[in-house]
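Content type mmCIF, C-alpha atoms and all ligand atoms, from the file work_27.cif:
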```cif
data_my_file
loop_
_atom_site.label_atom_id
_atom_site.label_comp_id
_atom_site.auth_asym_id
_atom_site.auth_seq_id
_atom_site.Cartn_x
_atom_site.Cartn_y
_atom_site.Cartn_z
CA MET A 1 -8.20 -9.68 -11.67
CA VAL A 2 -8.13 -5.97 -12.19
CA LYS A 3 -8.79 -4.67 -15.68
CA VAL A 4 -6.50 -2.17 -17.36
CA ASP A 5 -7.79 0.15 -20.06
CA LEU A 6 -5.04 1.59 -22.22
CA SER A 7 -7.32 3.38 -24.66
CA GLY A 8 -6.69 6.76 -23.04
CA ALA A 9 -2.98 6.40 -23.71
CA SER A 10 -3.05 4.91 -27.20
CA SER A 11 -2.62 8.22 -29.04
CA PHE A 12 0.45 8.99 -26.90
CA PHE A 13 2.37 5.74 -27.35
CA THR A 14 5.58 5.83 -29.26
CA GLY A 15 6.75 3.32 -31.90
CA ALA A 16 4.70 0.16 -32.12
CA GLY A 17 3.13 0.79 -28.70
CA PRO A 18 3.65 -1.14 -25.46
CA ASP A 19 6.38 -3.73 -25.82
CA PHE A 20 4.62 -6.91 -24.71
CA ALA A 21 7.54 -9.07 -25.85
CA ALA A 22 9.74 -7.22 -23.33
CA ALA A 23 7.04 -7.64 -20.66
CA GLU A 24 6.95 -11.35 -21.43
CA ARG A 25 10.75 -11.61 -21.05
CA ALA A 26 10.66 -9.68 -17.78
CA HIS A 27 7.87 -11.91 -16.44
CA ARG A 28 9.82 -15.04 -17.44
CA VAL A 29 13.03 -13.83 -15.80
CA LEU A 30 11.06 -13.02 -12.66
CA SER A 31 9.28 -16.35 -12.39
CA GLU A 32 12.38 -18.37 -13.29
CA GLY A 33 14.29 -16.45 -10.61
CA THR A 34 17.12 -15.50 -12.95
CA GLY A 35 16.86 -11.71 -12.69
CA LEU A 36 18.50 -9.07 -10.53
CA GLY A 37 17.57 -9.32 -6.85
CA ASN A 38 16.26 -12.86 -7.33
CA ASP A 39 16.70 -13.60 -3.63
CA PHE A 40 13.79 -11.20 -2.94
CA ILE A 41 11.00 -12.72 -5.00
CA GLY A 42 9.34 -14.69 -2.20
CA TRP A 43 6.32 -12.36 -2.31
CA LEU A 44 5.10 -14.25 -5.39
CA GLY A 45 4.25 -17.33 -3.31
CA LEU A 46 3.62 -15.45 -0.06
CA PRO A 47 -0.19 -15.83 0.22
CA GLN A 48 -0.05 -19.63 0.05
CA ARG A 49 2.93 -19.68 2.41
CA MET A 50 1.04 -17.56 4.94
CA LYS A 51 -1.98 -19.85 4.73
CA ASP A 52 0.27 -22.87 5.36
CA THR A 53 2.21 -21.31 8.23
CA GLU A 54 1.51 -18.17 10.28
CA LEU A 55 -2.08 -17.30 9.40
CA PRO A 56 -3.72 -19.24 12.28
CA ALA A 57 -1.31 -17.68 14.81
CA ILE A 58 -1.99 -14.22 13.38
CA LEU A 59 -5.73 -14.77 13.76
CA GLU A 60 -5.22 -15.96 17.34
CA ALA A 61 -3.11 -12.92 18.23
CA ALA A 62 -5.66 -10.59 16.63
CA LYS A 63 -8.48 -12.26 18.58
CA LEU A 64 -6.60 -11.77 21.85
CA ILE A 65 -5.86 -8.10 21.10
CA ARG A 66 -9.46 -7.43 20.03
CA SER A 67 -10.78 -9.07 23.19
CA ARG A 68 -8.77 -6.97 25.63
CA SER A 69 -7.73 -3.69 24.01
CA GLN A 70 -9.39 -0.66 22.49
CA ALA A 71 -6.22 0.31 20.66
CA LEU A 72 -3.36 -1.27 18.77
CA VAL A 73 -0.20 0.76 18.32
CA VAL A 74 1.59 -0.30 15.15
CA ILE A 75 5.22 0.78 15.14
CA GLY A 76 6.94 0.67 11.76
CA ILE A 77 8.05 2.73 8.77
CA GLY A 78 8.06 2.35 4.98
CA GLY A 79 7.19 -1.17 3.95
CA SER A 80 6.69 -2.05 7.59
CA TYR A 81 3.55 0.07 7.84
CA LEU A 82 2.21 1.56 4.61
CA GLY A 83 0.46 -1.59 3.38
CA ALA A 84 -1.44 -2.16 6.62
CA ARG A 85 -2.42 1.49 6.81
CA GLY A 86 -3.50 1.46 3.17
CA ALA A 87 -5.64 -1.63 3.75
CA ILE A 88 -7.24 -0.35 6.94
CA GLU A 89 -8.07 3.07 5.49
CA LEU A 90 -9.44 1.47 2.32
CA LEU A 91 -11.54 -1.24 3.94
CA LYS A 92 -12.24 0.05 7.44
CA PRO A 93 -12.00 3.83 7.26
CA ILE A 94 -14.28 4.07 10.28
CA PRO A 95 -13.71 1.43 12.96
CA GLY A 96 -16.77 -0.65 13.91
CA LYS A 97 -17.97 -0.53 17.51
CA ASP A 98 -15.99 -3.65 18.46
CA ASP A 99 -12.90 -2.74 16.46
CA PRO A 100 -9.86 -1.43 18.29
CA LYS A 101 -8.50 1.79 16.83
CA VAL A 102 -5.19 1.21 15.08
CA PHE A 103 -2.59 3.94 15.60
CA PHE A 104 0.53 4.14 13.46
CA VAL A 105 3.68 5.52 15.06
CA GLY A 106 7.40 5.24 14.44
CA ASN A 107 6.97 6.38 10.83
CA GLY A 108 8.76 9.67 11.43
CA LEU A 109 10.58 11.61 14.10
CA SER A 110 7.93 14.15 15.00
CA ALA A 111 7.67 14.65 18.75
CA ASP A 112 4.33 16.40 18.23
CA ALA A 113 2.80 13.50 16.31
CA LEU A 114 3.99 11.11 18.98
CA CYS A 115 2.55 13.20 21.82
CA ASP A 116 -0.75 13.61 19.95
CA THR A 117 -1.05 9.85 19.55
CA ILE A 118 -0.22 9.21 23.20
CA GLU A 119 -2.90 11.72 24.15
CA LEU A 120 -5.43 10.06 21.85
CA ILE A 121 -4.71 6.66 23.38
CA GLY A 122 -5.28 8.18 26.79
CA ASP A 123 -6.25 5.56 29.32
CA LYS A 124 -7.38 3.01 26.72
CA ASP A 125 -6.09 -0.52 27.05
CA PHE A 126 -3.62 -1.07 24.23
CA ASP A 127 -1.27 -3.56 22.65
CA VAL A 128 1.82 -2.87 20.58
CA ASN A 129 2.86 -4.49 17.31
CA VAL A 130 6.42 -3.46 16.56
CA ILE A 131 7.41 -4.20 12.97
CA SER A 132 10.94 -3.93 11.62
CA LYS A 133 12.65 -6.42 9.37
CA SER A 134 16.13 -5.16 10.17
CA GLY A 135 15.32 -4.22 13.74
CA THR A 136 17.73 -1.31 13.48
CA THR A 137 15.66 1.42 11.82
CA LEU A 138 15.86 4.49 14.05
CA GLU A 139 12.30 5.81 13.74
CA PRO A 140 10.45 2.65 14.88
CA ALA A 141 13.19 1.69 17.36
CA ALA A 142 12.90 5.11 19.07
CA ALA A 143 9.08 4.95 19.20
CA PHE A 144 9.25 1.40 20.54
CA ARG A 145 11.45 2.41 23.45
CA ILE A 146 8.91 5.09 24.35
CA PHE A 147 5.93 2.72 24.09
CA ARG A 148 7.70 0.06 26.12
CA GLU A 149 8.05 2.62 28.87
CA LEU A 150 4.33 3.49 28.58
CA LEU A 151 3.41 -0.19 28.70
CA ALA A 152 5.58 -0.72 31.77
CA LYS A 153 3.89 2.22 33.54
CA LYS A 154 0.45 0.93 32.67
CA TYR A 155 0.83 -2.82 33.02
CA GLY A 156 3.88 -3.25 35.27
CA ASP A 157 5.31 -6.76 35.08
CA LYS A 158 2.56 -7.73 32.61
CA ALA A 159 3.86 -5.23 30.02
CA ASP A 160 5.63 -7.89 27.96
CA GLU A 161 2.31 -9.65 27.39
CA HIS A 162 1.14 -6.66 25.35
CA ILE A 163 3.96 -6.74 22.79
CA PHE A 164 3.93 -8.54 19.44
CA ALA A 165 7.05 -8.34 17.30
CA THR A 166 7.19 -8.79 13.53
CA THR A 167 10.80 -9.11 12.40
CA ASP A 168 13.47 -11.29 10.85
CA ALA A 169 13.23 -15.00 11.67
CA LYS A 170 16.74 -15.24 13.09
CA ARG A 171 18.68 -11.99 13.11
CA GLY A 172 18.57 -8.48 14.47
CA VAL A 173 18.12 -6.52 17.68
CA LEU A 174 14.34 -6.86 17.65
CA LYS A 175 14.53 -10.63 17.26
CA SER A 176 16.98 -10.83 20.19
CA LEU A 177 14.73 -8.62 22.33
CA ALA A 178 11.67 -10.68 21.43
CA ASP A 179 13.44 -13.90 22.37
CA ALA A 180 14.77 -12.44 25.62
CA HIS A 181 11.36 -11.12 26.70
CA GLY A 182 9.20 -13.92 25.34
CA TRP A 183 7.14 -11.63 23.04
CA PRO A 184 5.14 -13.55 20.46
CA SER A 185 6.91 -12.92 17.18
CA PHE A 186 5.99 -13.13 13.54
CA VAL A 187 8.31 -13.31 10.60
CA VAL A 188 9.22 -10.97 7.77
CA PRO A 189 10.49 -13.66 5.40
CA ASP A 190 14.11 -13.42 4.24
CA ASP A 191 13.09 -13.44 0.60
CA VAL A 192 10.51 -10.65 0.90
CA GLY A 193 11.52 -6.99 1.01
CA GLY A 194 9.64 -4.50 3.17
CA ARG A 195 7.61 -2.90 0.39
CA PHE A 196 6.47 -6.32 -0.88
CA SER A 197 5.54 -7.59 2.60
CA VAL A 198 1.93 -6.46 3.10
CA LEU A 199 0.59 -10.00 2.65
CA SER A 200 2.87 -11.30 5.42
CA ALA A 201 2.32 -10.75 9.17
CA VAL A 202 3.58 -7.20 8.56
CA GLY A 203 0.23 -6.28 7.06
CA LEU A 204 -2.01 -9.12 8.18
CA LEU A 205 -1.82 -8.71 11.96
CA PRO A 206 -2.79 -5.01 12.06
CA MET A 207 -5.43 -5.65 9.40
CA ALA A 208 -6.95 -8.53 11.36
CA VAL A 209 -7.01 -6.46 14.55
CA ALA A 210 -8.83 -3.71 12.64
CA GLY A 211 -11.53 -6.23 11.71
CA ILE A 212 -10.52 -6.99 8.13
CA ASP A 213 -11.16 -10.58 7.07
CA VAL A 214 -7.54 -11.52 6.31
CA GLU A 215 -8.44 -15.10 5.40
CA ARG A 216 -10.51 -13.67 2.56
CA VAL A 217 -7.59 -11.45 1.59
CA ILE A 218 -5.17 -14.38 1.53
CA ASN A 219 -7.51 -16.72 -0.34
CA ALA A 220 -8.18 -14.04 -2.93
CA ALA A 221 -4.47 -13.27 -3.27
CA ILE A 222 -3.66 -16.94 -3.92
CA GLU A 223 -6.16 -16.92 -6.79
CA GLU A 224 -4.96 -13.52 -8.04
CA PHE A 225 -1.33 -14.56 -8.36
CA LYS A 226 -2.45 -17.71 -10.23
CA ALA A 227 -4.56 -15.63 -12.62
CA LEU A 228 -1.77 -13.08 -13.09
CA ASP A 229 0.57 -15.83 -14.25
CA LEU A 230 -1.16 -15.51 -17.63
CA ARG A 231 1.51 -15.24 -20.35
CA SER A 232 -0.27 -13.00 -22.80
CA PRO A 233 -0.77 -9.31 -23.60
CA GLU A 234 -4.14 -9.80 -21.91
CA ASN A 235 -2.29 -9.88 -18.59
CA PRO A 236 -3.15 -6.55 -16.89
CA ALA A 237 0.28 -6.44 -15.23
CA TRP A 238 1.97 -6.64 -18.65
CA GLN A 239 -0.37 -3.97 -19.98
CA TYR A 240 0.31 -1.55 -17.14
CA ALA A 241 4.08 -2.19 -17.02
CA ALA A 242 4.54 -2.02 -20.79
CA ALA A 243 2.36 1.09 -21.16
CA ARG A 244 4.25 2.95 -18.41
CA GLN A 245 7.62 2.05 -19.90
CA ASN A 246 6.52 3.10 -23.37
CA LEU A 247 5.29 6.47 -22.09
CA TYR A 248 8.45 6.93 -20.01
CA SER A 249 10.58 6.41 -23.11
CA LYS A 250 8.64 9.28 -24.70
CA GLY A 251 9.44 11.66 -21.84
CA TYR A 252 6.53 11.12 -19.49
CA GLY A 253 8.63 10.92 -16.35
CA ILE A 254 5.95 11.48 -13.70
CA GLU A 255 3.03 9.20 -12.98
CA ILE A 256 0.13 10.39 -10.88
CA LEU A 257 -2.06 7.74 -9.36
CA GLY A 258 -5.56 8.98 -8.72
CA CYS A 259 -8.74 7.60 -7.25
CA TYR A 260 -12.22 8.94 -6.62
CA GLU A 261 -12.40 7.23 -3.21
CA PRO A 262 -10.79 9.27 -0.40
CA SER A 263 -10.26 6.00 1.46
CA PHE A 264 -7.67 5.09 -1.20
CA ARG A 265 -5.26 7.78 0.04
CA PHE A 266 -2.89 5.44 1.91
CA MET A 267 -3.06 2.78 -0.77
CA ALA A 268 -1.59 5.48 -3.00
CA GLU A 269 1.13 6.07 -0.39
CA TRP A 270 1.86 2.33 -0.40
CA TRP A 271 1.96 2.38 -4.21
CA LYS A 272 4.35 5.37 -4.21
CA GLN A 273 6.80 3.52 -2.02
CA LEU A 274 6.47 0.33 -4.06
CA TYR A 275 7.20 2.03 -7.37
CA GLY A 276 9.49 4.81 -6.16
CA GLU A 277 11.84 2.58 -4.20
CA SER A 278 11.76 -0.21 -6.77
CA GLU A 279 12.33 1.83 -9.93
CA GLY A 280 14.08 5.05 -8.95
CA LYS A 281 17.75 4.13 -9.29
CA ASP A 282 20.67 4.11 -11.72
CA GLY A 283 19.52 7.55 -12.90
CA LYS A 284 16.21 6.09 -14.10
CA GLY A 285 12.64 5.86 -12.91
CA ILE A 286 9.15 7.26 -13.19
CA PHE A 287 8.44 9.62 -10.29
CA PRO A 288 5.29 8.37 -8.51
CA ALA A 289 2.88 10.98 -7.21
CA SER A 290 -0.74 10.76 -6.14
CA VAL A 291 -3.95 12.75 -6.24
CA GLU A 292 -7.37 12.38 -4.69
CA PHE A 293 -10.24 13.19 -7.01
CA THR A 294 -12.37 15.14 -7.22
CA ALA A 295 -10.82 17.15 -4.35
CA ASP A 296 -7.47 17.66 -6.08
CA LEU A 297 -9.11 18.75 -9.31
CA HIS A 298 -9.63 22.00 -7.45
CA SER A 299 -5.94 22.27 -6.59
CA MET A 300 -3.70 20.11 -8.79
CA GLY A 301 -6.23 19.99 -11.62
CA GLN A 302 -4.83 23.17 -13.13
CA PHE A 303 -1.31 21.76 -13.26
CA ILE A 304 -2.49 18.45 -14.65
CA GLN A 305 -4.48 20.17 -17.40
CA GLN A 306 -1.97 22.80 -18.48
CA GLY A 307 1.40 22.37 -16.74
CA PRO A 308 4.52 20.78 -18.30
CA ARG A 309 3.52 17.79 -20.43
CA THR A 310 5.55 15.21 -18.53
CA LEU A 311 2.65 13.61 -16.63
CA MET A 312 0.94 10.32 -17.18
CA GLU A 313 -2.13 9.55 -15.13
CA SER A 314 -3.29 6.20 -13.77
CA ILE A 315 -6.73 6.09 -12.26
CA VAL A 316 -8.02 3.36 -9.96
CA ARG A 317 -11.76 2.90 -10.26
CA PHE A 318 -14.06 0.67 -8.23
CA GLU A 319 -16.91 -0.71 -10.35
CA LYS A 320 -19.41 -0.83 -7.49
CA SER A 321 -19.61 1.59 -4.62
CA ARG A 322 -20.54 0.30 -1.17
CA CYS A 323 -23.32 2.73 -0.61
CA ALA A 324 -26.13 4.13 -2.73
CA TYR A 325 -27.25 7.70 -2.14
CA PRO A 326 -29.75 9.15 -4.57
CA PHE A 327 -29.96 12.93 -4.75
CA PRO A 328 -33.21 14.28 -3.42
CA PHE A 329 -35.64 16.18 -5.65
CA GLU A 330 -36.67 19.63 -4.45
CA GLU A 331 -39.73 21.31 -5.86
CA ALA A 332 -38.33 24.81 -5.41
CA ASN A 333 -34.97 23.89 -6.98
CA ALA A 334 -33.46 27.01 -5.43
CA ASP A 335 -29.97 25.55 -5.69
CA GLY A 336 -30.58 24.54 -9.34
CA LEU A 337 -29.54 20.93 -8.68
CA ASN A 338 -32.64 19.13 -9.91
CA TYR A 339 -30.73 18.07 -13.02
CA ILE A 340 -29.03 15.45 -10.82
CA ALA A 341 -32.08 14.63 -8.70
CA GLY A 342 -32.89 10.92 -8.59
CA ARG A 343 -29.40 9.99 -9.74
CA ASP A 344 -27.10 8.14 -7.44
CA MET A 345 -23.99 9.89 -6.11
CA ALA A 346 -21.89 7.02 -7.54
CA GLU A 347 -23.33 7.64 -11.02
CA VAL A 348 -22.47 11.32 -10.78
CA SER A 349 -18.95 10.43 -9.65
CA ASN A 350 -18.53 8.06 -12.62
CA ILE A 351 -19.69 10.71 -15.05
CA ALA A 352 -17.25 13.15 -13.46
CA ALA A 353 -14.45 10.58 -13.87
CA ASP A 354 -15.27 10.16 -17.58
CA ALA A 355 -15.34 13.93 -18.02
CA VAL A 356 -11.99 14.36 -16.25
CA LYS A 357 -10.42 11.60 -18.32
CA ALA A 358 -11.47 13.21 -21.59
CA ALA A 359 -10.31 16.65 -20.42
CA HIS A 360 -6.90 15.41 -19.30
CA ILE A 361 -6.34 13.44 -22.50
CA SER A 362 -7.21 16.50 -24.56
CA GLY A 363 -4.77 18.46 -22.39
CA GLY A 364 -1.96 16.06 -23.32
CA VAL A 365 -1.98 13.65 -20.36
CA PRO A 366 -1.96 9.93 -21.24
CA ASN A 367 -4.52 8.11 -19.15
CA LEU A 368 -4.51 4.51 -17.90
CA VAL A 369 -7.52 3.15 -16.03
CA ILE A 370 -7.26 0.30 -13.54
CA THR A 371 -10.67 -1.12 -12.65
CA VAL A 372 -11.39 -3.17 -9.54
CA PRO A 373 -14.81 -4.76 -8.94
CA LYS A 374 -15.35 -3.66 -5.33
CA ARG A 375 -13.76 -1.94 -2.38
CA ASP A 376 -13.58 -5.13 -0.35
CA GLU A 377 -11.07 -7.79 0.72
CA GLU A 378 -10.94 -9.32 -2.75
CA GLY A 379 -10.53 -5.93 -4.38
CA PHE A 380 -7.67 -5.09 -2.04
CA ALA A 381 -5.95 -8.43 -2.76
CA ALA A 382 -6.40 -7.88 -6.50
CA LEU A 383 -4.77 -4.45 -6.31
CA VAL A 384 -1.83 -5.64 -4.22
CA CYS A 385 -1.01 -8.63 -6.43
CA PHE A 386 -1.44 -6.61 -9.62
CA PHE A 387 0.68 -3.66 -8.50
CA GLU A 388 3.44 -5.88 -7.07
CA LEU A 389 3.73 -8.02 -10.19
CA ALA A 390 3.54 -5.05 -12.56
CA CYS A 391 6.19 -3.25 -10.51
CA ALA A 392 8.64 -6.13 -10.77
CA ILE A 393 7.99 -6.51 -14.51
CA SER A 394 8.29 -2.78 -15.10
CA GLY A 395 11.53 -2.62 -13.10
CA TYR A 396 13.06 -5.48 -15.07
CA MET A 397 11.92 -3.90 -18.33
CA SER A 398 13.82 -0.74 -17.40
CA GLY A 399 16.93 -2.73 -16.50
CA VAL A 400 17.07 -2.04 -12.75
CA ASN A 401 17.01 -4.31 -9.71
CA PRO A 402 13.49 -3.64 -8.40
CA PHE A 403 14.21 -5.28 -5.06
CA ASP A 404 17.02 -3.25 -3.55
CA GLN A 405 17.18 0.30 -2.16
CA PRO A 406 20.87 1.26 -1.83
CA GLY A 407 19.98 4.96 -2.03
CA VAL A 408 18.20 5.12 1.31
CA GLU A 409 21.44 4.46 3.18
CA ALA A 410 22.92 7.87 2.39
CA TYR A 411 20.75 9.91 4.76
CA LYS A 412 20.99 7.25 7.47
CA LYS A 413 24.80 7.39 7.47
CA ASN A 414 24.77 11.17 7.86
CA MET A 415 22.08 11.11 10.53
CA PHE A 416 23.76 8.41 12.61
CA ARG A 417 27.11 10.25 12.42
CA MET A 418 25.49 13.56 13.40
CA LEU A 419 23.62 11.92 16.27
CA GLY A 420 26.86 10.38 17.52
CA LYS A 421 25.86 6.74 17.11
CA PRO A 422 28.85 4.61 18.16
CA GLY A 423 30.72 3.32 15.12
CA ALA A 424 28.90 5.61 12.66
O1 LIG B 501 10.90 -1.53 1.44
C1 LIG B 501 11.78 -1.44 2.26
O2 LIG B 501 12.67 -2.31 2.37
C2 LIG B 501 11.85 -0.29 3.24
O3 LIG B 501 10.88 0.66 3.00
C3 LIG B 501 11.68 -0.79 4.66
O4 LIG B 501 10.43 -1.40 4.77
C4 LIG B 501 11.80 0.36 5.66
O5 LIG B 501 13.00 1.04 5.50
C5 LIG B 501 11.72 -0.19 7.10
O6 LIG B 501 12.73 -1.11 7.33
P1 LIG B 501 12.68 -2.09 8.56
O7 LIG B 501 11.48 -2.95 8.44
O8 LIG B 501 13.95 -2.87 8.47
O9 LIG B 501 12.60 -1.25 9.79
#
```

Written as structure tokens, that's how I'd like the structure from this file.
Amino acid sequence: MVKVDLSGASSFFTGAGPDFAAAERAHRVLSEGTGLGNDFIGWLGLPQRMKDTELPAILEAAKLIRSRSQALVVIGIGGSYLGARGAIELLKPIPGKDDPKVFFVGNGLSADALCDTIELIGDKDFDVNVISKSGTTLEPAAAFRIFRELLAKKYGDKADEHIFATTDAKRGVLKSLADAHGWPSFVVPDDVGGRFSVLSAVGLLPMAVAGIDVERVINAAIEEFKALDLRSPENPAWQYAAARQNLYSKGYGIEILGCYEPSFRFMAEWWKQLYGESEGKDGKGIFPASVEFTADLHSMGQFIQQGPRTLMESIVRFEKSRCAYPFPFEEANADGLNYIAGRDMAEVSNIAADAVKAAHISGGVPNLVITVPKRDEEGFAALVCFFELACAISGYMSGVNPFDQPGVEAYKKNMFRMLGKPGA
């Protein structure tokens, strides 16, 4: 389990502090399935379900792709891509020599980005994993049409063998296409929304192709969800959810998630979607933003230290770094850096993190620290389970349905009408 340290927020809490009784009620409503959006809580049992059903087929598909292709093109947007990208950047930021490169497309409408990716793929052998629960989202559907054409040009009548679809079990255009063309398909379960789907085939197939040990991820996630069922203020998900809600009630309406590992960047994007789409509704919500430290201390650091006092800061820290790099000693000491000679880079980074924490607290920014043992499969699983559970609890505590997203329809309606979609 992750550990949450609330000490950096304690002097900012209002009233009696985090309301653990409310967190307990929210957790109970969630697990009894009596809360808002209760038909979308399947993510709680998802790791075990995956182990019992699709995991072997996912591993088989990944093995096939890895054996014949140097690239996998993952087509999807929002919850249909951010988790996989977060996992791959966190755990495999640099592909190994036998790992296909995973490209993400269909997450926007930029012609330039699309052309750049096509150029990067060049004459590499590639497979496509198209991911869309609804099957109707414009961005991935448009990219998929383009990549089907590219596959047809490259592989002719064998093109269909290079397509893997991840979509609804029964409904939707993508499901119909998959059935008609005989593409292997994986399921986005009915009771799991896009942003809670990373531990389904949505995340697992791209992760497995990238060389991540998804069996380890799933086994760890099964244990994590069991551990997080703890009904006590010791539960880190209660601590995080209750602390955020307490600070929000005191006017801290923006949360910045920071990490000292650049490879965490897309995990933060995944987190932003999870919390932004789950909580930002009915005129309520904490705005999720992210920073990468120490880089952003030299850009956003000024704002964090002295801007409007509406920020709370949550920092993800990994207890052990993967690599040790001691600073060399130099007799001449011309650069004046001998005061860190012999120390490991990770130690220096930890000292910097402590210094930043103290500075930001003294500047009026409540600080929560989320500690994960290692940047590995188990650490990833721990973060996913923790953030998902805390998000649901926090959403219920604030009185919203954390599992819907009615607000995203507004732009789609306008766009479809302006593009002349029939019936729009
Ligand atoms: O969390 C969500 O439900 C959304 O972010 C969806 O994942 C996103 O809109 C993509 O939808 P779809 O998978 O239906 O293409």

Problem set entry | Near-ligand residues for ligand LIG 501 (chain B), threshold 7 Å, all atoms listed in the file, as a list in words |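 After applying the 7 Å limit, what remains is Gly76, Ile77, Gly78, Gly79, Ser80, Ile131, Ser132, Lys133, Ser134, Gly135, Thr136, Thr137, Pro140, Gly193, Gly194, Arg195, Phe196 and Gln405 of chain A.
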
Problem set entry | Separation of CA of Phe126 (chain A) from CA of Gln70 (chain A), in Å and rounded to one decimal | 6.0 Å

Can you pull out the residues contacting Met300 (chain A)? Cut-off 8 Å, using all atoms listed in the file, and skip same-chain residues under 4 positions away; I want them as a tab-separated table (two decimals) with C-alpha atoms, in the coordinates of the input.
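This is the output file selection_4.tsv:
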```
chain	number	residue	atom	x	y	z
A	291	VAL	CA	-3.95	12.75	-6.24
A	296	ASP	CA	-7.47	17.66	-6.08
A	304	ILE	CA	-2.49	18.45	-14.65
```

Dump as CSV the rows for residues of region 126-231 of chain A within 12 Å of region 1-6 of chain A: closest atom pair and distance in Å with one decimal, all atoms listed in the file counted, ordered by chain and rising residue number.
```
residue,atom,partner,partner_atom,distance
A:Ala220,CA,A:Met1,CA,9.8
A:Ala221,CA,A:Met1,CA,9.9
A:Ile222,CA,A:Met1,CA,11.5
A:Glu223,CA,A:Met1,CA,9.0
A:Glu224,CA,A:Met1,CA,6.2
A:Phe225,CA,A:Met1,CA,9.1
A:Lys226,CA,A:Met1,CA,10.0
A:Ala227,CA,A:Met1,CA,7.0
A:Leu228,CA,A:Met1,CA,7.4
A:Asp229,CA,A:Met1,CA,11.0
A:Leu230,CA,A:Met1,CA,10.9
```

Problem set entry | Neighbour list for Ala241 (chain A) as number ranges by chain, cut-off 8 Å, all atoms listed in the file, skip fewer than 2 positions in-chain | A: 23, 237-239, 243-245, 390-391, 393-394

I need the residues from that last selection saved to file as an mmCIF file, keeping the file's coordinate frame (with C-alpha atoms), if you can.
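Saved the output as result-v5.cif:
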```
data_model
loop_
_atom_site.group_PDB
_atom_site.id
_atom_site.type_symbol
_atom_site.label_atom_id
_atom_site.label_comp_id
_atom_site.auth_asym_id
_atom_site.auth_seq_id
_atom_site.Cartn_x
_atom_site.Cartn_y
_atom_site.Cartn_z
ATOM 1 C CA ALA A 23 7.040 -7.640 -20.660
ATOM 2 C CA ALA A 237 0.280 -6.440 -15.230
ATOM 3 C CA TRP A 238 1.970 -6.640 -18.650
ATOM 4 C CA GLN A 239 -0.370 -3.970 -19.980
ATOM 5 C CA ALA A 243 2.360 1.090 -21.160
ATOM 6 C CA ARG A 244 4.250 2.950 -18.410
ATOM 7 C CA GLN A 245 7.620 2.050 -19.900
ATOM 8 C CA ALA A 390 3.540 -5.050 -12.560
ATOM 9 C CA CYS A 391 6.190 -3.250 -10.510
ATOM 10 C CA ILE A 393 7.990 -6.510 -14.510
ATOM 11 C CA SER A 394 8.290 -2.780 -15.100
#
```

Problem set entry | Top pick for closest residue to Ala26 (chain A), considering A:Ala410, A:Ala268, A:Ala242, A:Val209 and counting all atoms listed in the file | A:Ala242

Problem set entry | Neighbours of point (1.8, -15.3, -23.0) within 10 Å, using only C-alpha atoms, written as a PyMOL selection string | chain A and resi 20-21+23-25+27-28+229-235+238

Have region 300-310 of chain A completed to N, CA and C atoms, please, and pass it along as an mmCIF file, in the frame of the given file.
```cif
data_model
loop_
_atom_site.group_PDB
_atom_site.id
_atom_site.type_symbol
_atom_site.label_atom_id
_atom_site.label_comp_id
_atom_site.auth_asym_id
_atom_site.auth_seq_id
_atom_site.Cartn_x
_atom_site.Cartn_y
_atom_site.Cartn_z
ATOM 1 N N MET A 300 -4.681 20.571 -7.802
ATOM 2 C CA MET A 300 -3.700 20.110 -8.790
ATOM 3 C C MET A 300 -4.273 20.030 -10.202
ATOM 4 N N GLY A 301 -5.584 20.125 -10.308
ATOM 5 C CA GLY A 301 -6.230 19.990 -11.620
ATOM 6 C C GLY A 301 -5.678 20.965 -12.642
ATOM 7 N N GLN A 302 -5.387 22.174 -12.215
ATOM 8 C CA GLN A 302 -4.830 23.170 -13.130
ATOM 9 C C GLN A 302 -3.493 22.714 -13.710
ATOM 10 N N PHE A 303 -2.634 22.214 -12.818
ATOM 11 C CA PHE A 303 -1.310 21.760 -13.260
ATOM 12 C C PHE A 303 -1.439 20.566 -14.206
ATOM 13 N N ILE A 304 -2.328 19.657 -13.816
ATOM 14 C CA ILE A 304 -2.490 18.450 -14.650
ATOM 15 C C ILE A 304 -2.975 18.851 -16.049
ATOM 16 N N GLN A 305 -3.903 19.793 -16.102
ATOM 17 C CA GLN A 305 -4.480 20.170 -17.400
ATOM 18 C C GLN A 305 -3.517 20.972 -18.270
ATOM 19 N N GLN A 306 -2.730 21.845 -17.644
ATOM 20 C CA GLN A 306 -1.970 22.800 -18.480
ATOM 21 C C GLN A 306 -0.504 22.976 -18.105
ATOM 22 N N GLY A 307 -0.010 22.225 -17.120
ATOM 23 C CA GLY A 307 1.400 22.370 -16.740
ATOM 24 C C GLY A 307 2.311 21.660 -17.733
ATOM 25 N N PRO A 308 3.601 21.478 -17.389
ATOM 26 C CA PRO A 308 4.520 20.780 -18.300
ATOM 27 C C PRO A 308 3.966 19.405 -18.689
ATOM 28 N N ARG A 309 4.120 19.053 -19.944
ATOM 29 C CA ARG A 309 3.520 17.790 -20.430
ATOM 30 C C ARG A 309 4.444 16.607 -20.170
ATOM 31 N N THR A 310 4.699 16.340 -18.911
ATOM 32 C CA THR A 310 5.550 15.210 -18.530
ATOM 33 C C THR A 310 4.782 14.215 -17.659
#
```
